[in-house]
Amino acid sequence: MNMGTKATKLISNEPNKQTKKSLASYGAQALKSAKLTSFGLSRKQESDICLSCGECCKRYWITILPNEAKKIAALKSVSLKDFLENACVLNVKLFTKTTPGVLTFPTTFFPKRVFEIVKKEMGAVPESFFIVPQLVLLRLEKNTFNFLEKKSKTEMRFACNYLKANNSCEIYPARPEPCKLFPFIAMPDYREQYPFCGLYQKTSKDLSIESRIYYKKVQQYFKDVNDLGFDRVWRYQPKSGLLFLGEKQIGDISIRELIQMTPRKDGD
């Protein structure tokens with residue numbers, strides 16, 4: 001299977017129509033209930049809510065940083081090379097930006113194929129983009145429990161490779177920071193995007209300090225990629241990559257194309 005075909009197969013994460021309808025109903029009921037009951041939960045209660053759902057693991061690409069990759073590889077007793085090449089995917093996100101800054105590059109560096117993909121999507125291609133290269137955990141299509149039906153039904157969904165059939169996590173002790181912070185990541189109006197999350201509706205936590213620490217790590221990662229180059233930050237890379245315009249997936253991309261788009265300052 002070539003990279004383009006594999007990338008296309010990896011991207012879909014939409015629940016089926018019945019699940020979408022149920023999620024909307026569930027979210028409305030949970031929001032109404034949340035106004036009446038907001039209380040602290042024990043760890044077991046929190047765990048029970050998460051294990052009965054797992055929706056976040058089915059919806060999102062889970063971003064990892066270099067140190068997190070090392071911890072997961074060690075937990076799974078595989079080499080870092082094997083983990084990055086076979087259990088991760090490259091996500092490259094493009095955001096229009098005209099002012100100079102970290103990871104901001106002119107489109108003159110874009111390979112012709114990538115330029116044409118962007119042009120087809122946008123019409124007129126801007127002079128520069130903020131280019132965000134991320135490594136994310138592999139997602140696979142699998143038969144998952146439909147928690148809204150109290151596990152009486154299952155459906156095929158794209159989900160994190162490490163999500164088990166019982167909604168537990170294979171790499172829980174080494175899970176990435178986004179997993180630890182979800183759904184209490186401290187960004188204005190950000191949590192309101194999770195009406196499906198029972199844990200968010202049932203309790204609240206102040207993880208603002210942890211969130212700030214995490215975002216400092218992300219900022220440092222961006223700076224490292226900008227100054228050193230992606231291939232120096234990540235000695236080993238995934239075999240497949242996806243290209244996004246904002247949050248919309250528009251095609252596939254290779255490591256070689258990414259490196260051409262983001263030349264290092266030293267020119268090496």
# chains A, B, ... in the order shown; residues from 1 in each chain; ligands from 1

call {"tool": "residues_around", "arguments": {"residues": "Cys179 in chain A", "least_positions_apart": "5", "cutoff": "12 Å", "atoms": "only C-alpha atoms", "output": "PyMOL selection string"}}
result
chain A and resi 50+54+56-57+60-64+68+137+160+163+169+171-174+184-185+211+214

call {"tool": "select_by_dssp", "arguments": {"residues": "range 107-154 of chain A", "states": "helix (DSSP H, G or I)", "output": "VMD selection string"}}
result
chain A and resid 107 to 109 112 to 122 147 to 149

call {"tool": "closest_residue", "arguments": {"among": "A:Ser42, A:Gln260, A:Ser77, A:Asn226", "to": "Gly101 in chain A", "atoms": "only C-alpha atoms"}}
result
A:Asn226

call {"tool": "select_by_dssp", "arguments": {"residues": "range 94-257 of chain A", "states": "strand (DSSP E or B)", "output": "PyMOL selection string"}}
result
chain A and resi 94-96+104-106+128-137+139-145+154-160+163+169+241-245+248-252

call {"tool": "write_last_selection", "arguments": {"atoms": "N, CA and C atoms", "output": "tab-separated table (two decimals), in the first residue's frame"}}
result
chain	number	residue	atom	x	y	z
A	94	LEU	N	-0.89	23.55	8.12
A	94	LEU	CA	-0.55	24.83	7.53
A	94	LEU	C	-1.55	25.90	7.97
A	95	PHE	N	-1.03	27.02	8.46
A	95	PHE	CA	-1.86	28.15	8.85
A	95	PHE	C	-1.32	29.40	8.15
A	96	THR	N	-2.20	30.13	7.48
A	96	THR	CA	-1.79	31.34	6.77
A	96	THR	C	-1.17	32.34	7.75
A	104	THR	N	7.63	29.87	10.35
A	104	THR	CA	6.94	30.59	9.28
A	104	THR	C	7.84	30.61	8.05
A	105	PHE	N	7.36	30.02	6.96
A	105	PHE	CA	8.18	29.84	5.76
A	105	PHE	C	7.43	30.29	4.52
A	106	PRO	N	8.14	30.85	3.54
A	106	PRO	CA	7.51	31.25	2.27
A	106	PRO	C	7.14	30.04	1.44
A	128	SER	N	3.20	32.99	2.52
A	128	SER	CA	3.87	32.23	3.58
A	128	SER	C	2.85	31.53	4.47
A	129	PHE	N	3.35	30.52	5.18
A	129	PHE	CA	2.52	29.76	6.10
A	129	PHE	C	3.27	29.54	7.41
A	130	PHE	N	2.52	29.41	8.48
A	130	PHE	CA	3.00	28.86	9.74
A	130	PHE	C	2.85	27.36	9.60
A	131	ILE	N	3.97	26.65	9.58
A	131	ILE	CA	3.98	25.21	9.32
A	131	ILE	C	4.22	24.45	10.62
A	132	VAL	N	3.26	23.63	11.00
A	132	VAL	CA	3.33	22.90	12.27
A	132	VAL	C	3.49	21.41	12.01
A	133	PRO	N	4.71	20.87	12.13
A	133	PRO	CA	4.89	19.42	11.97
A	133	PRO	C	4.80	18.71	13.32
A	134	GLN	N	3.88	17.77	13.41
A	134	GLN	CA	3.65	17.05	14.65
A	134	GLN	C	3.74	15.55	14.42
A	135	LEU	N	4.15	14.83	15.44
A	135	LEU	CA	4.05	13.39	15.42
A	135	LEU	C	2.87	12.99	16.29
A	136	VAL	N	2.04	12.12	15.76
A	136	VAL	CA	0.84	11.68	16.48
A	136	VAL	C	0.81	10.16	16.52
A	137	LEU	N	0.07	9.64	17.48
A	137	LEU	CA	-0.06	8.19	17.60
A	137	LEU	C	-0.92	7.66	16.47
A	139	ARG	N	-3.58	5.73	14.31
A	139	ARG	CA	-4.99	5.41	14.53
A	139	ARG	C	-5.37	4.31	13.55
A	140	LEU	N	-6.17	3.37	14.00
A	140	LEU	CA	-6.60	2.26	13.16
A	140	LEU	C	-8.10	2.08	13.26
A	141	GLU	N	-8.68	1.56	12.20
A	141	GLU	CA	-10.11	1.25	12.23
A	141	GLU	C	-10.30	-0.02	13.04
A	142	LYS	N	-11.18	0.05	14.03
A	142	LYS	CA	-11.40	-1.11	14.88
A	142	LYS	C	-12.85	-1.15	15.35
A	143	ASN	N	-13.28	-2.31	15.78
A	143	ASN	CA	-14.64	-2.48	16.30
A	143	ASN	C	-14.66	-2.00	17.74
A	144	THR	N	-15.39	-0.93	18.01
A	144	THR	CA	-15.38	-0.32	19.34
A	144	THR	C	-16.76	-0.36	19.97
A	145	PHE	N	-16.79	-0.30	21.30
A	145	PHE	CA	-18.06	-0.22	22.00
A	145	PHE	C	-18.72	1.12	21.75
A	154	THR	N	-21.81	-2.33	18.97
A	154	THR	CA	-20.47	-1.91	18.60
A	154	THR	C	-20.53	-1.26	17.22
A	155	GLU	N	-19.49	-0.52	16.88
A	155	GLU	CA	-19.41	0.10	15.57
A	155	GLU	C	-17.96	0.25	15.18
A	156	MET	N	-17.72	0.29	13.87
A	156	MET	CA	-16.36	0.47	13.39
A	156	MET	C	-16.00	1.94	13.47
A	157	ARG	N	-14.92	2.25	14.18
A	157	ARG	CA	-14.45	3.62	14.33
A	157	ARG	C	-12.94	3.65	14.21
A	158	PHE	N	-12.39	4.77	13.74
A	158	PHE	CA	-10.96	4.97	13.79
A	158	PHE	C	-10.62	5.42	15.21
A	159	ALA	N	-9.64	4.79	15.80
A	159	ALA	CA	-9.31	5.08	17.19
A	159	ALA	C	-7.82	4.94	17.41
A	160	CYS	N	-7.35	5.47	18.51
A	160	CYS	CA	-5.94	5.35	18.87
A	160	CYS	C	-5.55	3.87	18.88
A	163	LEU	N	-5.90	2.04	22.20
A	163	LEU	CA	-7.19	1.89	22.88
A	163	LEU	C	-7.61	0.43	22.81
A	169	CYS	N	-6.37	1.85	28.31
A	169	CYS	CA	-5.24	2.31	27.50
A	169	CYS	C	-4.03	1.40	27.71
A	241	GLY	N	2.56	10.31	6.23
A	241	GLY	CA	2.27	11.64	6.72
A	241	GLY	C	1.02	12.22	6.09
A	242	LEU	N	0.34	13.10	6.82
A	242	LEU	CA	-0.88	13.74	6.35
A	242	LEU	C	-0.69	15.25	6.35
A	243	LEU	N	-1.27	15.90	5.34
A	243	LEU	CA	-1.17	17.35	5.20
A	243	LEU	C	-2.52	17.98	5.52
A	244	PHE	N	-2.50	19.02	6.36
A	244	PHE	CA	-3.71	19.71	6.78
A	244	PHE	C	-3.63	21.18	6.43
A	245	LEU	N	-4.76	21.77	6.07
A	245	LEU	CA	-4.90	23.21	5.97
A	245	LEU	C	-5.76	23.62	7.15
A	248	LYS	N	-8.29	20.91	8.54
A	248	LYS	CA	-8.87	20.10	7.47
A	248	LYS	C	-7.79	19.33	6.74
A	249	GLN	N	-7.93	18.01	6.66
A	249	GLN	CA	-6.96	17.19	5.96
A	249	GLN	C	-7.17	17.33	4.46
A	250	ILE	N	-6.07	17.66	3.74
A	250	ILE	CA	-6.19	17.93	2.31
A	250	ILE	C	-5.32	17.02	1.45
A	251	GLY	N	-4.52	16.17	2.05
A	251	GLY	CA	-3.67	15.29	1.25
A	251	GLY	C	-2.64	14.58	2.11
A	252	ASP	N	-1.67	14.00	1.46
A	252	ASP	CA	-0.58	13.33	2.17
A	252	ASP	C	0.72	14.10	1.94

call {"tool": "residues_around", "arguments": {"residues": "range 84-88 of chain A", "least_positions_apart": "6", "cutoff": "8 Å", "atoms": "only C-alpha atoms", "output": "number ranges by chain"}}
result
A: 69, 135-138, 161, 236-239

call {"tool": "write_last_selection", "arguments": {"atoms": "C-alpha atoms", "output": "CSV table (one decimal), in the first residue's frame"}}
result
chain,number,residue,atom,x,y,z
A,69,ALA,CA,8.0,9.0,22.5
A,135,LEU,CA,4.1,13.4,15.4
A,136,VAL,CA,0.8,11.7,16.5
A,137,LEU,CA,-0.1,8.2,17.6
A,138,LEU,CA,-1.2,5.8,14.9
A,161,ASN,CA,-3.9,2.2,18.2
A,236,TYR,CA,13.6,8.6,13.2
A,237,GLN,CA,10.3,9.4,11.5
A,238,PRO,CA,7.0,7.8,10.6
A,239,LYS,CA,6.6,6.1,7.3

call {"tool": "closest_residue", "arguments": {"among": "A:Glu127, A:Ser168, A:Leu207, A:Glu247", "to": "Phe115 in chain A", "atoms": "only C-alpha atoms"}}
result
A:Glu127

call {"tool": "closest_residue", "arguments": {"among": "A:Lys97, A:Thr262, A:Ala165, A:Ile72", "to": "Val225 in chain A", "atoms": "only C-alpha atoms"}}
result
A:Thr262

call {"tool": "closest_residue", "arguments": {"among": "A:Lys93, A:Arg59, A:Lys164, A:Lys223", "to": "Ile253 in chain A", "atoms": "only C-alpha atoms"}}
result
A:Lys93

call {"tool": "closest_residue", "arguments": {"among": "A:Leu103, A:Pro176, A:Tyr221, A:Leu258", "to": "Tyr162 in chain A", "atoms": "only C-alpha atoms"}}
result
A:Pro176
